[in-house]
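Undergrad: If it helps, the file is called structure_5.txt and holds compact mmCIF, C-alpha atoms:
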# COMPACT_ATOMS: atom_id res chain seq x y z
CA MET A 1 -23.14 17.47 -25.10
CA LEU A 2 -26.54 19.21 -25.28
CA ILE A 3 -28.46 20.21 -28.43
CA ARG A 4 -30.83 23.15 -28.03
CA ALA A 5 -32.64 24.99 -30.81
CA GLY A 6 -30.18 23.86 -33.39
CA LEU A 7 -27.19 24.87 -31.29
CA VAL A 8 -24.64 22.43 -30.03
CA LEU A 9 -23.56 23.20 -26.48
CA ILE A 10 -20.61 21.43 -24.91
CA THR A 11 -20.99 21.01 -21.17
CA MET A 12 -17.91 20.94 -19.00
CA LEU A 13 -17.76 17.96 -16.67
CA PRO A 14 -16.01 18.16 -13.29
CA ALA A 15 -12.52 16.74 -13.08
CA SER A 16 -13.76 13.86 -10.93
CA ALA A 17 -16.10 12.76 -13.71
CA LEU A 18 -13.32 12.95 -16.27
CA ALA A 19 -10.91 10.93 -14.13
CA GLY A 20 -12.36 7.64 -15.34
CA SER A 21 -10.74 4.31 -14.78
CA ALA A 22 -8.42 3.96 -17.78
CA MET A 23 -4.82 3.27 -16.79
CA PRO A 24 -2.54 6.00 -18.19
CA LYS A 25 0.44 5.26 -20.40
CA GLY A 26 3.51 4.44 -18.36
CA PHE A 27 1.68 2.33 -15.78
CA VAL A 28 1.73 -1.47 -15.62
CA TYR A 29 0.24 -4.30 -13.61
CA LEU A 30 2.93 -5.74 -11.37
CA ARG A 31 1.72 -9.29 -12.07
CA ASP A 32 2.53 -8.72 -15.76
CA ILE A 33 6.12 -7.81 -14.84
CA ASP A 34 6.73 -10.36 -12.09
CA PRO A 35 3.88 -12.71 -11.14
CA ALA A 36 6.05 -14.32 -8.45
CA ILE A 37 5.68 -11.31 -6.16
CA VAL A 38 2.93 -12.02 -3.63
CA GLN A 39 0.09 -9.50 -3.59
CA ASP A 40 -2.12 -8.73 -0.60
CA ILE A 41 -3.70 -5.41 -1.55
CA ARG A 42 -5.35 -4.55 1.75
CA TYR A 43 -7.34 -1.49 0.70
CA ALA A 44 -9.40 -3.52 -1.76
CA GLY A 45 -10.83 -5.49 1.17
CA SER A 46 -11.77 -4.99 4.80
CA HIS A 47 -8.57 -5.99 6.61
CA ASN A 48 -7.13 -2.50 6.92
CA PHE A 49 -7.20 0.34 9.44
CA VAL A 50 -10.53 1.64 8.10
CA GLY A 51 -12.25 -1.76 8.11
CA ARG A 52 -13.82 -1.65 4.64
CA PRO A 53 -12.81 -1.38 0.98
CA ILE A 54 -11.38 2.05 0.17
CA ARG A 55 -12.74 4.27 -2.61
CA GLY A 56 -11.02 3.70 -5.93
CA TYR A 57 -9.98 0.09 -5.27
CA LEU A 58 -12.12 -2.03 -7.54
CA ALA A 59 -9.68 -4.94 -7.45
CA ALA A 60 -6.90 -6.29 -5.26
CA GLU A 61 -4.28 -5.42 -7.84
CA CYS A 62 -0.85 -3.78 -7.69
CA ILE A 63 -0.42 -1.08 -10.33
CA LEU A 64 2.85 0.88 -10.60
CA SER A 65 4.83 3.02 -12.98
CA GLU A 66 6.85 0.72 -15.18
CA PRO A 67 10.23 1.82 -13.73
CA ALA A 68 8.98 1.07 -10.21
CA ALA A 69 7.67 -2.34 -11.25
CA ARG A 70 10.95 -3.18 -12.99
CA ALA A 71 12.86 -2.16 -9.87
CA LEU A 72 10.74 -4.52 -7.76
CA GLU A 73 11.43 -7.26 -10.28
CA ALA A 74 15.14 -6.71 -9.62
CA VAL A 75 14.63 -6.92 -5.87
CA GLN A 76 12.61 -10.10 -6.29
CA GLY A 77 15.46 -11.63 -8.24
CA MET A 78 17.93 -10.87 -5.46
CA LEU A 79 15.59 -12.25 -2.79
CA ALA A 80 14.92 -15.44 -4.76
CA GLU A 81 18.56 -16.40 -4.35
CA LYS A 82 17.91 -16.51 -0.59
CA LYS A 83 14.61 -18.40 -0.91
CA LEU A 84 12.66 -15.24 -0.10
CA SER A 85 10.02 -13.17 -1.89
CA LEU A 86 8.46 -9.74 -1.78
CA ILE A 87 4.87 -9.25 -0.65
CA VAL A 88 3.15 -5.99 -1.63
CA TRP A 89 0.30 -4.45 0.34
CA ASP A 90 -0.27 -1.19 -1.55
CA CYS A 91 1.06 0.30 -4.76
CA TYR A 92 -0.56 3.06 -6.82
CA ARG A 93 -3.27 4.73 -4.70
CA PRO A 94 -6.00 6.87 -6.33
CA LYS A 95 -6.42 10.40 -5.02
CA ARG A 96 -10.00 9.56 -4.16
CA ALA A 97 -8.68 6.93 -1.74
CA VAL A 98 -6.55 9.57 -0.02
CA ALA A 99 -9.65 11.74 0.31
CA ASP A 100 -11.51 8.75 1.73
CA PHE A 101 -8.85 8.37 4.44
CA LEU A 102 -9.15 12.05 5.32
CA GLN A 103 -12.92 11.90 5.58
CA TRP A 104 -12.70 8.76 7.73
CA SER A 105 -10.19 10.39 10.08
CA LYS A 106 -12.68 13.15 10.85
CA ASP A 107 -15.49 10.74 11.71
CA PRO A 108 -15.31 9.80 15.41
CA THR A 109 -18.09 7.20 15.06
CA HIS A 110 -15.89 4.72 13.17
CA SER A 111 -12.89 3.22 14.95
CA GLU A 112 -13.64 -0.46 14.46
CA MET A 113 -10.04 -1.39 13.62
CA LYS A 114 -8.31 0.59 16.36
CA THR A 115 -7.50 -2.50 18.43
CA GLU A 116 -5.36 -3.95 15.65
CA PHE A 117 -4.00 -1.06 13.61
CA TYR A 118 -3.65 1.97 15.91
CA PRO A 119 -4.09 0.71 19.48
CA ARG A 120 -1.96 3.46 21.06
CA THR A 121 -2.56 6.33 18.63
CA ASP A 122 -5.40 8.84 18.53
CA LYS A 123 -7.30 8.54 15.25
CA GLU A 124 -7.61 12.31 14.80
CA LYS A 125 -3.81 12.66 14.98
CA LEU A 126 -2.92 10.14 12.25
CA PHE A 127 -2.34 12.86 9.63
CA ALA A 128 -0.49 15.21 11.99
CA LEU A 129 1.81 12.39 13.10
CA GLY A 130 2.77 11.53 9.52
CA TYR A 131 1.10 8.13 9.23
CA LEU A 132 -1.32 9.45 6.61
CA ALA A 133 -0.88 12.29 4.14
CA LYS A 134 -3.34 14.63 2.44
CA ARG A 135 -1.24 14.24 -0.71
CA SER A 136 0.16 10.74 -0.95
CA ALA A 137 3.28 9.79 -2.91
CA HIS A 138 1.43 6.57 -3.73
CA SER A 139 -0.81 8.56 -6.08
CA ARG A 140 2.18 9.26 -8.34
CA GLY A 141 2.53 5.53 -8.96
CA SER A 142 6.11 4.83 -7.87
CA THR A 143 5.64 4.30 -4.13
CA VAL A 144 5.00 0.89 -2.64
CA ASP A 145 4.26 -0.73 0.73
CA LEU A 146 5.87 -4.15 1.07
CA GLY A 147 7.64 -6.76 3.15
CA ILE A 148 9.46 -10.08 2.77
CA VAL A 149 8.01 -13.60 3.01
CA PRO A 150 9.52 -17.08 2.58
CA VAL A 151 9.51 -18.09 -1.08
CA ALA A 152 7.19 -20.99 -0.25
CA LEU A 153 4.37 -18.57 0.60
CA SER A 154 2.25 -18.15 -2.52
CA VAL A 155 -0.91 -16.65 -1.03
CA ALA A 156 -1.14 -14.20 1.86
CA PRO A 157 -2.93 -15.62 4.92
CA PRO A 158 -6.45 -14.19 5.38
CA PRO A 159 -7.66 -12.99 8.79
CA ASP A 160 -9.66 -15.46 10.84
CA PRO A 161 -13.06 -13.87 11.61
CA SER A 162 -13.51 -16.20 14.57
CA GLN A 163 -10.49 -14.74 16.38
CA SER A 164 -10.44 -11.45 18.26
CA PRO A 165 -8.17 -8.80 16.69
CA LYS A 166 -4.72 -8.47 18.20
CA ALA A 167 -2.67 -5.29 18.41
CA CYS A 168 -0.20 -4.87 15.54
CA THR A 169 2.37 -4.00 18.18
CA SER A 170 2.14 -7.47 19.74
CA PRO A 171 5.05 -9.89 19.26
CA LYS A 172 5.11 -12.13 16.22
CA GLY A 173 3.08 -15.20 17.01
CA GLU A 174 0.53 -13.11 18.88
CA ARG A 175 -0.42 -10.44 16.33
CA PHE A 176 -2.08 -11.24 12.99
CA GLU A 177 0.09 -13.70 11.08
CA ASP A 178 0.71 -12.10 7.70
CA GLY A 179 3.33 -14.62 6.57
CA THR A 180 6.29 -12.23 6.68
CA ILE A 181 9.58 -12.63 8.41
CA ASP A 182 9.56 -10.68 11.69
CA PHE A 183 9.53 -6.91 11.16
CA GLY A 184 8.45 -6.07 14.69
CA THR A 185 4.91 -4.98 13.82
CA GLY A 186 2.22 -5.81 11.34
CA TYR A 187 1.67 -3.84 8.15
CA ASP A 188 0.01 -0.43 8.52
CA CYS A 189 0.70 -0.42 12.24
CA LEU A 190 0.15 3.28 12.91
CA ASP A 191 2.44 3.40 15.90
CA VAL A 192 5.93 4.55 16.88
CA LEU A 193 7.01 0.90 17.06
CA ALA A 194 6.76 0.82 13.25
CA HIS A 195 9.29 3.63 12.89
CA THR A 196 12.08 2.09 10.86
CA SER A 197 14.89 2.53 13.40
CA ASN A 198 12.91 2.07 16.63
CA ALA A 199 15.13 -0.14 18.81
CA LEU A 200 12.12 -1.33 20.80
CA ALA A 201 11.13 -3.45 17.80
CA GLY A 202 13.86 -5.91 18.78
CA GLY A 203 17.13 -7.07 17.26
CA MET A 204 15.67 -9.55 14.77
CA ALA A 205 13.08 -7.07 13.51
CA LEU A 206 15.66 -4.32 13.09
CA ARG A 207 17.96 -6.65 11.14
CA ASN A 208 15.07 -7.63 8.86
CA ARG A 209 14.12 -3.99 8.37
CA ARG A 210 17.70 -3.18 7.42
CA THR A 211 17.77 -6.12 5.02
CA LEU A 212 14.60 -4.95 3.32
CA GLY A 213 15.86 -1.37 3.18
CA SER A 214 19.20 -2.45 1.75
CA TYR A 215 17.62 -4.38 -1.13
CA MET A 216 15.18 -1.59 -1.88
CA GLU A 217 17.83 1.13 -1.82
CA ARG A 218 20.04 -0.93 -4.17
CA ALA A 219 17.09 -0.96 -6.59
CA GLY A 220 16.67 2.81 -6.42
CA PHE A 221 14.11 3.32 -3.66
CA ARG A 222 14.31 5.49 -0.55
CA PRO A 223 12.75 4.51 2.79
CA TYR A 224 10.39 6.42 5.06
CA ALA A 225 11.45 6.81 8.69
CA LYS A 226 7.98 6.34 10.19
CA GLU A 227 6.96 3.20 8.27
CA TRP A 228 9.36 0.32 7.73
CA TRP A 229 7.24 -0.96 4.79
CA HIS A 230 7.07 2.30 2.78
CA PHE A 231 9.47 3.00 -0.13
CA GLU A 232 9.50 5.63 -2.88
CA LEU A 233 11.37 5.32 -6.17
CA VAL A 234 13.99 8.10 -6.23
CA ASN A 235 13.86 8.67 -9.99
CA GLU A 236 10.09 8.41 -10.30
CA PRO A 237 8.74 9.26 -13.77
CA PHE A 238 5.67 11.24 -12.69
CA HIS A 239 6.39 14.43 -10.73
CA ARG A 240 2.92 15.84 -10.31
CA ASP A 241 0.03 16.07 -7.89
CA GLY A 242 -0.97 12.46 -8.52
CA PHE A 243 -3.49 10.40 -10.46
CA ASP A 244 -7.05 9.38 -9.72
CA PHE A 245 -7.82 6.48 -12.06
CA GLU A 246 -9.35 3.48 -10.32
CA VAL A 247 -7.45 0.32 -9.44
CA SER A 248 -9.02 -2.32 -11.66
CA ALA A 249 -8.26 -5.96 -12.33
CA SER A 250 -5.51 -6.93 -14.73
CA PRO A 251 -6.81 -8.57 -17.92
CA SER A 252 -4.30 -11.36 -17.24
CA ALA A 253 -5.38 -11.86 -13.61
CA ASN A 254 -7.25 -15.06 -14.43
CA GLU A 255 -4.74 -16.29 -16.97
CA ARG A 256 -1.66 -16.66 -14.79
CA PRO A 257 -0.99 -18.38 -11.47
CA ALA A 258 -0.23 -16.16 -8.48
CA ARG A 259 3.24 -17.68 -8.24
Take the structure in this file and express it as structure tokens.

TA:
Amino acid sequence: MLIRAGLVLITMLPASALAGSAMPKGFVYLRDIDPAIVQDIRYAGSHNFVGRPIRGYLAAECILSEPAARALEAVQGMLAEKKLSLIVWDCYRPKRAVADFLQWSKDPTHSEMKTEFYPRTDKEKLFALGYLAKRSAHSRGSTVDLGIVPVALSVAPPPDPSQSPKACTSPKGERFEDGTIDFGTGYDCLDVLAHTSNALAGGMALRNRRTLGSYMERAGFRPYAKEWWHFELVNEPFHRDGFDFEVSASPSANERPAR
């Protein structure tokens, strides 16, 4: 607001400035719904295909629409009976993060994480091949990237900086150990081997992918054929272009144990 010569003038701010960081009504922190679900929010750190924190991720925190979070709570309950647990890698994703991915994809000078995350895929083709999207369903708040870990795992293993990166397409035991049961590739492996029904992933991996898909579909999610870890809530509450509020820490993050 500007005051000039006794007149009050209201200036219009760009939408990006108005986006702010306040979490809209209808969204929740997953840890407030089910703190037993392991969280390893990769885009808040550097262990991802870009190699740095992504715009809009101020905290390693899973935020979802409440129906999506409640559905994951139901899946977690079913898995607990088998001494298993969910692990989430990405939940709500701000639109500014999607724009960050797009900008990165057009910059040929940065491919530091190619060896691990897209060893056989051309960086400039990641959007065309369907591994990244200019408008992400994650920005609507009811899409989640996840896997399954043994219930005894309470904290996701961090990468060892002293070890050379291994291709996400390498067999389990050779690629980065993320703590999951064997799904045939690591998370965010931008490669055809991560396609949900790719037989080259191996029998055990395909069975585990089907198990994950079965539980998620029973809870109301649909899978994505090119990424075994990606699921969208069918009856999502927000049918719009997406949100752009920042991912910030839950007020209860320091009050509750991770498990």

Undergrad: So, counting only C-alpha atoms, which residue among A:Gln76, A:Gln39, A:Asn198, A:Ser154 is closest to A:Glu61?

TA: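 Among the listed residues, the smallest separation from A:Glu61 belongs to A:Gln39.
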
Undergrad: Within 10 Å of stretch 122-132 of chain A, which residues of stretch 214-255 of chain A come that close, and what is the closest atom pair and distance in Å for each? Count all atoms listed in the file and give it as a Markdown table.

TA:
| residue | atom | partner | partner_atom | distance |
| --- | --- | --- | --- | --- |
| A:Ala225 | CA | A:Gly130 | CA | 9.9 |
| A:Lys226 | CA | A:Tyr131 | CA | 7.2 |
| A:Glu227 | CA | A:Tyr131 | CA | 7.7 |

Undergrad: Counting all atoms listed in the file, which residue out of A:Leu84, A:Cys168, A:Ala97, A:Val38 sits closest to A:Asp191?

TA: A:Cys168

Undergrad: For the atom pair atom CA of A:Arg135 and atom CA of A:Asp241, what is the interatomic distance in Å to one decimal place?

TA: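 One can read the atom CA of A:Arg135 to atom CA of A:Asp241 distance as 7.5 Å.
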
Undergrad: To one decimal place in Å, what is the distance between atom CA of A:Leu190 and atom CA of A:Thr115?

TA: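 Between atom CA of A:Leu190 and atom CA of A:Thr115 the gap works out to 11.1 Å.
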
Undergrad: If you measure from atom CA of A:Trp89 to atom CA of A:Asp40, what distance in Å do you get, rounded to one decimal?

TA: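 Calculated distance between atom CA of A:Trp89 and atom CA of A:Asp40 is 5.0 Å.
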
Undergrad: For a cutoff of 8 Å around the file-coordinate point (4.9, 2.2, 1.2), which residues qualify once you count only C-alpha atoms? I'd like the result as JSON, numbers by chain.

TA: {"A": [90, 91, 138, 143, 144, 145, 146, 224, 227, 229, 230, 231, 232]}

Undergrad: Please produce a file of the residues just selected, as a PDB file, in the coordinates of the input, where the atoms kept are C-alpha atoms.

TA:
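Produced file result06.pdb, reproduced below:
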ATOM      1  CA  ASP A  90      -0.270  -1.190  -1.550  1.00  0.00           C
ATOM      2  CA  CYS A  91       1.060   0.300  -4.760  1.00  0.00           C
ATOM      3  CA  HIS A 138       1.430   6.570  -3.730  1.00  0.00           C
ATOM      4  CA  THR A 143       5.640   4.300  -4.130  1.00  0.00           C
ATOM      5  CA  VAL A 144       5.000   0.890  -2.640  1.00  0.00           C
ATOM      6  CA  ASP A 145       4.260  -0.730   0.730  1.00  0.00           C
ATOM      7  CA  LEU A 146       5.870  -4.150   1.070  1.00  0.00           C
ATOM      8  CA  TYR A 224      10.390   6.420   5.060  1.00  0.00           C
ATOM      9  CA  GLU A 227       6.960   3.200   8.270  1.00  0.00           C
ATOM     10  CA  TRP A 229       7.240  -0.960   4.790  1.00  0.00           C
ATOM     11  CA  HIS A 230       7.070   2.300   2.780  1.00  0.00           C
ATOM     12  CA  PHE A 231       9.470   3.000  -0.130  1.00  0.00           C
ATOM     13  CA  GLU A 232       9.500   5.630  -2.880  1.00  0.00           C
TER      14      GLU A 232
END

Undergrad: Determine, counting all atoms listed in the file, which protein, DNA and RNA residues have an atom within 8 Å of an atom of A:Asn208; residues of the same chain fewer than 3 positions away are not included. Present the result as a list in words.

TA: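 Near neighbours after the sequence-gap exclusion: Ile181, Asp182, Phe183, Met204, Ala205, Thr211 and Leu212 of chain A.
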
Undergrad: Which residues are near A:Leu30? Cut-off 12 Å, all atoms listed in the file, ignore same chain within fewer than 3 positions. Put them as a ChimeraX atom specification.

TA: /A:27,33-39,41,60-73,76,86-88,90-92,141-142,144,249-250,252-253,258

Undergrad: Restricting the output to C-alpha atoms, write the selected residues as an mmCIF file, keeping the file's coordinate frame.

TA:
data_model
loop_
_atom_site.group_PDB
_atom_site.id
_atom_site.type_symbol
_atom_site.label_atom_id
_atom_site.label_comp_id
_atom_site.auth_asym_id
_atom_site.auth_seq_id
_atom_site.Cartn_x
_atom_site.Cartn_y
_atom_site.Cartn_z
ATOM 1 C CA PHE A 27 1.680 2.330 -15.780
ATOM 2 C CA ILE A 33 6.120 -7.810 -14.840
ATOM 3 C CA ASP A 34 6.730 -10.360 -12.090
ATOM 4 C CA PRO A 35 3.880 -12.710 -11.140
ATOM 5 C CA ALA A 36 6.050 -14.320 -8.450
ATOM 6 C CA ILE A 37 5.680 -11.310 -6.160
ATOM 7 C CA VAL A 38 2.930 -12.020 -3.630
ATOM 8 C CA GLN A 39 0.090 -9.500 -3.590
ATOM 9 C CA ILE A 41 -3.700 -5.410 -1.550
ATOM 10 C CA ALA A 60 -6.900 -6.290 -5.260
ATOM 11 C CA GLU A 61 -4.280 -5.420 -7.840
ATOM 12 C CA CYS A 62 -0.850 -3.780 -7.690
ATOM 13 C CA ILE A 63 -0.420 -1.080 -10.330
ATOM 14 C CA LEU A 64 2.850 0.880 -10.600
ATOM 15 C CA SER A 65 4.830 3.020 -12.980
ATOM 16 C CA GLU A 66 6.850 0.720 -15.180
ATOM 17 C CA PRO A 67 10.230 1.820 -13.730
ATOM 18 C CA ALA A 68 8.980 1.070 -10.210
ATOM 19 C CA ALA A 69 7.670 -2.340 -11.250
ATOM 20 C CA ARG A 70 10.950 -3.180 -12.990
ATOM 21 C CA ALA A 71 12.860 -2.160 -9.870
ATOM 22 C CA LEU A 72 10.740 -4.520 -7.760
ATOM 23 C CA GLU A 73 11.430 -7.260 -10.280
ATOM 24 C CA GLN A 76 12.610 -10.100 -6.290
ATOM 25 C CA LEU A 86 8.460 -9.740 -1.780
ATOM 26 C CA ILE A 87 4.870 -9.250 -0.650
ATOM 27 C CA VAL A 88 3.150 -5.990 -1.630
ATOM 28 C CA ASP A 90 -0.270 -1.190 -1.550
ATOM 29 C CA CYS A 91 1.060 0.300 -4.760
ATOM 30 C CA TYR A 92 -0.560 3.060 -6.820
ATOM 31 C CA GLY A 141 2.530 5.530 -8.960
ATOM 32 C CA SER A 142 6.110 4.830 -7.870
ATOM 33 C CA VAL A 144 5.000 0.890 -2.640
ATOM 34 C CA ALA A 249 -8.260 -5.960 -12.330
ATOM 35 C CA SER A 250 -5.510 -6.930 -14.730
ATOM 36 C CA SER A 252 -4.300 -11.360 -17.240
ATOM 37 C CA ALA A 253 -5.380 -11.860 -13.610
ATOM 38 C CA ALA A 258 -0.230 -16.160 -8.480
#

Undergrad: Identify, on the basis of only C-alpha atoms, every residue whose closest approach to A:Gln163 does not exceed 12 Å; exclude the query and any residue fewer than 5 positions from it along the same chain; express the result as a PDB file with C-alpha atoms, in the coordinates of the input.

TA:
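Saved result, selection-v8.pdb, follows:
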ATOM      1  CA  GLU A 116      -5.360  -3.950  15.650  1.00  0.00           C
ATOM      2  CA  PRO A 158      -6.450 -14.190   5.380  1.00  0.00           C
ATOM      3  CA  GLU A 174       0.530 -13.110  18.880  1.00  0.00           C
ATOM      4  CA  ARG A 175      -0.420 -10.440  16.330  1.00  0.00           C
ATOM      5  CA  PHE A 176      -2.080 -11.240  12.990  1.00  0.00           C
ATOM      6  CA  GLU A 177       0.090 -13.700  11.080  1.00  0.00           C
TER       7      GLU A 177
END
